[in-house]
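The file protein.csv contains CSV, C-alpha atoms:
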```csv
chain,number,residue,atom,x,y,z
A,1,MET,CA,0.0,-0.9,-33.4
A,2,ALA,CA,-0.7,-1.8,-29.8
A,3,GLY,CA,-1.1,0.8,-27.0
A,4,TYR,CA,1.1,-1.2,-24.7
A,5,ARG,CA,4.0,-3.6,-24.7
A,6,LYS,CA,3.1,-7.3,-24.6
A,7,LEU,CA,6.4,-8.4,-22.9
A,8,GLY,CA,6.1,-11.9,-24.4
A,9,ARG,CA,3.4,-12.9,-22.0
A,10,THR,CA,-0.3,-13.7,-22.0
A,11,ALA,CA,-2.7,-11.1,-20.7
A,12,SER,CA,-3.1,-12.6,-17.2
A,13,GLN,CA,0.7,-13.2,-16.8
A,14,ARG,CA,1.4,-9.6,-18.0
A,15,LYS,CA,-1.1,-8.1,-15.6
A,16,ALA,CA,0.3,-10.2,-12.7
A,17,LEU,CA,3.9,-9.1,-13.5
A,18,ILE,CA,3.0,-5.5,-13.7
A,19,ARG,CA,1.0,-5.6,-10.4
A,20,ASN,CA,3.8,-7.3,-8.7
A,21,GLN,CA,6.5,-4.9,-9.9
A,22,VAL,CA,4.3,-1.8,-9.1
A,23,THR,CA,3.7,-3.2,-5.6
A,24,ASN,CA,7.4,-3.7,-5.0
A,25,LEU,CA,8.3,-0.3,-6.4
A,26,LEU,CA,5.9,1.5,-4.1
A,27,TYR,CA,6.9,-0.7,-1.1
A,28,ASN,CA,10.7,-0.5,-1.6
A,29,GLY,CA,11.1,2.8,-3.5
A,30,LYS,CA,13.1,1.3,-6.3
A,31,ILE,CA,13.4,-1.9,-8.4
A,32,VAL,CA,15.8,-3.3,-11.0
A,33,THR,CA,14.2,-4.6,-14.2
A,34,THR,CA,14.5,-4.5,-17.9
A,35,GLU,CA,13.8,-1.3,-19.9
A,36,ALA,CA,10.6,-2.5,-21.6
A,37,LYS,CA,9.1,-3.7,-18.3
A,38,ALA,CA,10.1,-0.5,-16.5
A,39,LYS,CA,8.4,1.7,-19.1
A,40,GLU,CA,5.1,-0.3,-18.6
A,41,ILE,CA,5.4,-0.3,-14.8
A,42,ARG,CA,6.1,3.5,-14.9
A,43,LYS,CA,2.7,4.1,-16.5
A,44,VAL,CA,0.7,2.3,-13.8
A,45,ALA,CA,2.8,3.6,-10.9
A,46,GLU,CA,2.5,7.2,-11.9
A,47,GLY,CA,-1.2,6.8,-12.4
A,48,LEU,CA,-1.6,5.5,-8.8
A,49,ILE,CA,0.7,8.3,-7.4
A,50,ALA,CA,-1.3,11.0,-9.3
A,51,MET,CA,-4.5,9.6,-7.9
A,52,ALA,CA,-3.1,9.6,-4.4
A,53,VAL,CA,-1.8,13.2,-4.8
A,54,LYS,CA,-5.3,14.3,-6.0
A,55,GLU,CA,-7.2,12.7,-3.1
A,56,LYS,CA,-4.7,12.9,-0.2
A,57,ASP,CA,-6.6,15.7,1.7
A,58,ASN,CA,-10.1,14.5,0.8
A,59,PHE,CA,-11.3,13.3,4.2
A,60,ASP,CA,-12.9,14.6,7.4
A,61,THR,CA,-11.7,13.9,10.9
A,62,VAL,CA,-14.4,12.7,13.2
A,63,THR,CA,-14.4,12.1,16.9
A,64,VAL,CA,-16.2,8.9,18.0
A,65,ILE,CA,-16.8,7.2,21.3
A,66,ALA,CA,-15.7,3.6,21.2
A,67,LYS,CA,-16.2,0.8,23.7
A,68,VAL,CA,-12.8,-0.8,24.6
A,69,PRO,CA,-12.6,-3.9,26.8
A,70,LYS,CA,-10.9,-3.2,30.2
A,71,LYS,CA,-7.7,-5.2,30.7
A,72,ASP,CA,-5.8,-6.3,33.8
A,73,ALA,CA,-2.0,-6.2,34.4
A,74,ASN,CA,-1.5,-9.4,32.4
A,75,GLY,CA,-3.4,-8.1,29.3
A,76,LYS,CA,-6.4,-10.2,29.8
A,77,ARG,CA,-10.0,-8.9,29.8
A,78,VAL,CA,-11.6,-8.0,33.1
A,79,LYS,CA,-14.8,-9.9,33.7
A,80,GLU,CA,-17.5,-9.5,36.3
A,81,VAL,CA,-20.6,-11.6,37.2
A,82,VAL,CA,-23.9,-10.1,36.2
A,83,ASP,CA,-27.1,-12.3,36.8
A,84,GLY,CA,-25.0,-15.4,37.1
A,85,LYS,CA,-23.0,-14.8,33.8
A,86,ARG,CA,-19.5,-13.6,33.4
A,87,VAL,CA,-19.5,-10.4,31.3
A,88,THR,CA,-16.6,-8.4,30.0
A,89,VAL,CA,-16.3,-4.9,31.4
A,90,TYR,CA,-15.9,-2.1,28.8
A,91,ASP,CA,-14.5,1.5,29.0
A,92,GLU,CA,-15.6,4.3,26.7
A,93,VAL,CA,-12.8,6.0,24.9
A,94,GLU,CA,-12.9,8.9,22.5
A,95,LYS,CA,-11.0,8.3,19.2
A,96,GLU,CA,-10.4,10.5,16.2
A,97,ILE,CA,-10.8,8.7,12.9
A,98,LYS,CA,-10.5,9.7,9.2
A,99,LYS,CA,-13.8,9.5,7.3
A,100,ASP,CA,-13.1,9.4,3.6
A,101,HIS,CA,-15.2,11.2,1.1
A,102,PRO,CA,-16.7,9.1,-1.7
A,103,SER,CA,-14.1,10.1,-4.3
A,104,ARG,CA,-11.3,9.1,-2.0
A,105,ILE,CA,-13.0,5.7,-1.3
A,106,HIS,CA,-13.2,5.2,-5.0
A,107,ALA,CA,-9.5,6.0,-5.4
A,108,ARG,CA,-8.6,3.6,-2.6
A,109,ARG,CA,-10.6,0.8,-4.3
A,110,GLN,CA,-8.9,1.6,-7.7
A,111,MET,CA,-5.5,1.3,-6.0
A,112,LEU,CA,-6.5,-2.0,-4.3
A,113,LYS,CA,-7.3,-3.4,-7.7
A,114,VAL,CA,-3.7,-3.0,-8.7
A,115,LEU,CA,-1.7,-3.5,-5.5
A,116,TYR,CA,-1.0,-6.9,-4.0
A,117,PRO,CA,-1.2,-7.3,-0.1
A,118,VAL,CA,2.3,-7.0,1.5
A,119,THR,CA,3.3,-8.8,4.7
A,120,GLU,CA,6.3,-7.5,6.5
A,121,VAL,CA,8.4,-10.2,8.3
A,122,PRO,CA,11.1,-9.0,10.8
A,123,LYS,CA,14.6,-10.4,10.2
A,124,GLU,CA,14.8,-12.3,13.5
A,125,ALA,CA,11.6,-14.1,12.8
A,126,ALA,CA,12.4,-15.0,9.2
A,127,GLY,CA,10.4,-18.1,8.0
A,128,LYS,CA,7.9,-17.9,10.9
A,129,LYS,CA,4.4,-16.4,11.1
A,130,LYS,CA,5.0,-14.8,14.5
A,131,ASN,CA,5.3,-11.0,14.6
A,132,THR,CA,4.4,-10.6,10.9
A,133,LYS,CA,2.3,-7.5,10.1
A,134,LYS,CA,0.4,-6.5,7.1
A,135,VAL,CA,1.5,-3.3,5.4
A,136,ASP,CA,-1.3,-1.0,4.1
A,137,LEU,CA,0.3,0.2,0.8
A,138,VAL,CA,-2.8,2.4,0.0
A,139,ASP,CA,-2.4,4.2,3.3
A,140,LYS,CA,1.3,4.6,2.6
A,141,LEU,CA,0.5,6.1,-0.8
A,142,PHE,CA,-1.8,8.7,0.8
A,143,THR,CA,0.3,9.6,3.9
A,144,GLU,CA,3.9,9.2,2.8
A,145,ILE,CA,4.3,9.2,-0.9
A,146,ALA,CA,1.6,11.7,-2.0
A,147,PRO,CA,2.8,14.6,0.2
A,148,LYS,CA,6.3,14.4,-1.4
A,149,TYR,CA,4.8,15.0,-4.8
A,150,GLU,CA,2.2,17.6,-3.9
A,151,GLY,CA,3.5,20.5,-6.0
A,152,ARG,CA,4.7,18.3,-8.9
A,153,ASN,CA,2.8,17.8,-12.2
A,154,GLY,CA,3.7,14.2,-13.1
A,155,GLY,CA,7.2,12.7,-13.5
A,156,TYR,CA,7.2,10.8,-10.2
A,157,THR,CA,9.6,8.0,-11.3
A,158,ARG,CA,13.0,7.9,-12.8
A,159,ILE,CA,14.6,5.3,-15.1
A,160,VAL,CA,18.4,5.0,-14.8
A,161,LYS,CA,20.2,2.6,-17.2
A,162,ILE,CA,22.5,0.2,-15.5
A,163,GLY,CA,23.9,-1.8,-18.4
A,164,LEU,CA,23.4,-5.1,-20.2
A,165,ARG,CA,22.3,-8.2,-18.4
A,166,LYS,CA,24.9,-11.0,-18.6
A,167,GLY,CA,22.5,-13.9,-19.6
A,168,ASP,CA,20.6,-12.4,-22.5
A,169,ALA,CA,22.1,-8.9,-23.0
A,170,ALA,CA,18.8,-7.2,-22.2
A,171,MET,CA,19.2,-3.6,-21.0
A,172,GLU,CA,18.7,-3.4,-17.2
A,173,VAL,CA,17.5,-0.3,-15.6
A,174,LEU,CA,16.8,1.0,-12.1
A,175,LEU,CA,13.3,2.3,-11.7
A,176,GLU,CA,13.0,4.5,-8.7
A,177,LEU,CA,10.6,7.1,-7.1
A,178,ILE,CA,12.1,10.6,-7.3
```

Please, can you express the file's structure as structure tokens?
Amino acid sequence: MAGYRKLGRTASQRKALIRNQVTNLLYNGKIVTTEAKAKEIRKVAEGLIAMAVKEKDNFDTVTVIAKVPKKDANGKRVKEVVDGKRVTVYDEVEKEIKKDHPSRIHARRQMLKVLYPVTEVPKEAAGKKKNTKKVDLVDKLFTEIAPKYEGRNGGYTRIVKIGLRKGDAAMEVLLELI
């Protein structure tokens, strides 16, 4: 007997389906799908959440000095002439950054193997590339989702049966983060 459901698809199609559904589950918080798919998606999603909970505090905060280009009132870089060349003027700014430990970097890369990149498009700019922004789902896992489940030992998702689908009478379920 197989250790997983084949879902009537080839290996590459099944992997793409599960990656897509897990990405949507973590981005939106809930998805509607069939019962068999939900049980497979749940395995992958709970593994990612467990990894995020384990590694969420595994970083150091470091203060660094960064060179930032000076800008004028219009938002353009300020330039000055040095030895006959126009050179950008820089300010030094102190920034605090998170420096991940090796195990957290490994966890981040394992999550990136599963999750697809997500681009958020505002409603007023639907269909246009302007004002779109990339969503860092791995960072969302570490900063938003993992702290919610800190004291919990597994069981991060819930499957609620909705009813039979009209077309093929497959059992539809709502898969959501608790």

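Our summary of the geometry notes that atom CA of Ala170 of chain A is positioned 18.0 Å from atom CA of Ile18 of chain A.
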
Contacts of segment 56-67 of chain A at 9 Å or less, counting only C-alpha atoms, minus same-chain residues fewer than 2 places along, as a count of residues only?
25

What lies within 10 Å of Tyr149 of chain A using only C-alpha atoms, ignoring chain neighbours under 4 positions off, as a compact mmCIF listing (two decimals) with C-alpha atoms, in the frame of the given file?
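Result file is result00.txt:
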```txt
# COMPACT_ATOMS: atom_id res chain seq x y z
CA ILE A 49 0.70 8.30 -7.40
CA ALA A 50 -1.30 11.00 -9.30
CA ALA A 52 -3.10 9.60 -4.40
CA VAL A 53 -1.80 13.20 -4.80
CA GLU A 144 3.90 9.20 2.80
CA ILE A 145 4.30 9.20 -0.90
CA ASN A 153 2.80 17.80 -12.20
CA GLY A 154 3.70 14.20 -13.10
CA GLY A 155 7.20 12.70 -13.50
CA TYR A 156 7.20 10.80 -10.20
CA ILE A 178 12.10 10.60 -7.30
```

Give me the residues of segment 62-141 of chain A that have any atom at most 12 Å from an atom of segment 21-43 of chain A; for each, the nearest atom pair and the distance in Å, rounded to one decimal. Use all atoms listed in the file, sort by chain and number, and format it as CSV.
```
residue,atom,partner,partner_atom,distance
A:Met111,CA,A:Thr23,CA,10.2
A:Leu112,CA,A:Thr23,CA,10.4
A:Lys113,CA,A:Thr23,CA,11.2
A:Val114,CA,A:Thr23,CA,8.0
A:Leu115,CA,A:Thr23,CA,5.4
A:Tyr116,CA,A:Thr23,CA,6.2
A:Pro117,CA,A:Thr23,CA,8.4
A:Val118,CA,A:Thr23,CA,8.2
A:Thr119,CA,A:Tyr27,CA,10.6
A:Glu120,CA,A:Tyr27,CA,10.2
A:Lys134,CA,A:Tyr27,CA,12.0
A:Val135,CA,A:Tyr27,CA,8.8
A:Asp136,CA,A:Tyr27,CA,9.7
A:Leu137,CA,A:Tyr27,CA,6.9
A:Val138,CA,A:Leu26,CA,9.7
A:Asp139,CA,A:Tyr27,CA,11.4
A:Lys140,CA,A:Tyr27,CA,8.6
A:Leu141,CA,A:Leu26,CA,7.8
```

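The spacing separating atom CA of Arg109 of chain A from atom CA of Gly3 of chain A amounts to 24.6 Å.
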
Centre and edges of the segment 98-107 of chain A box, axis-aligned, 6 Å extra per side, as JSON:
```
{"center_x": -13.1, "center_y": 8.2, "center_z": 1.9, "size_x": 19.2, "size_y": 18.0, "size_z": 26.6}
```

Best match for closeness to Arg152 of chain A among A:Glu46, A:Leu175, A:Glu124, A:Lys15, counting all atoms listed in the file:
A:Glu46

Pick from A:Val173, A:Val82, A:Ala107, A:Ala45: nearest to Val160 of chain A, with only C-alpha atoms counted?
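Closest residue, counting only C-alpha atoms: A:Val173.
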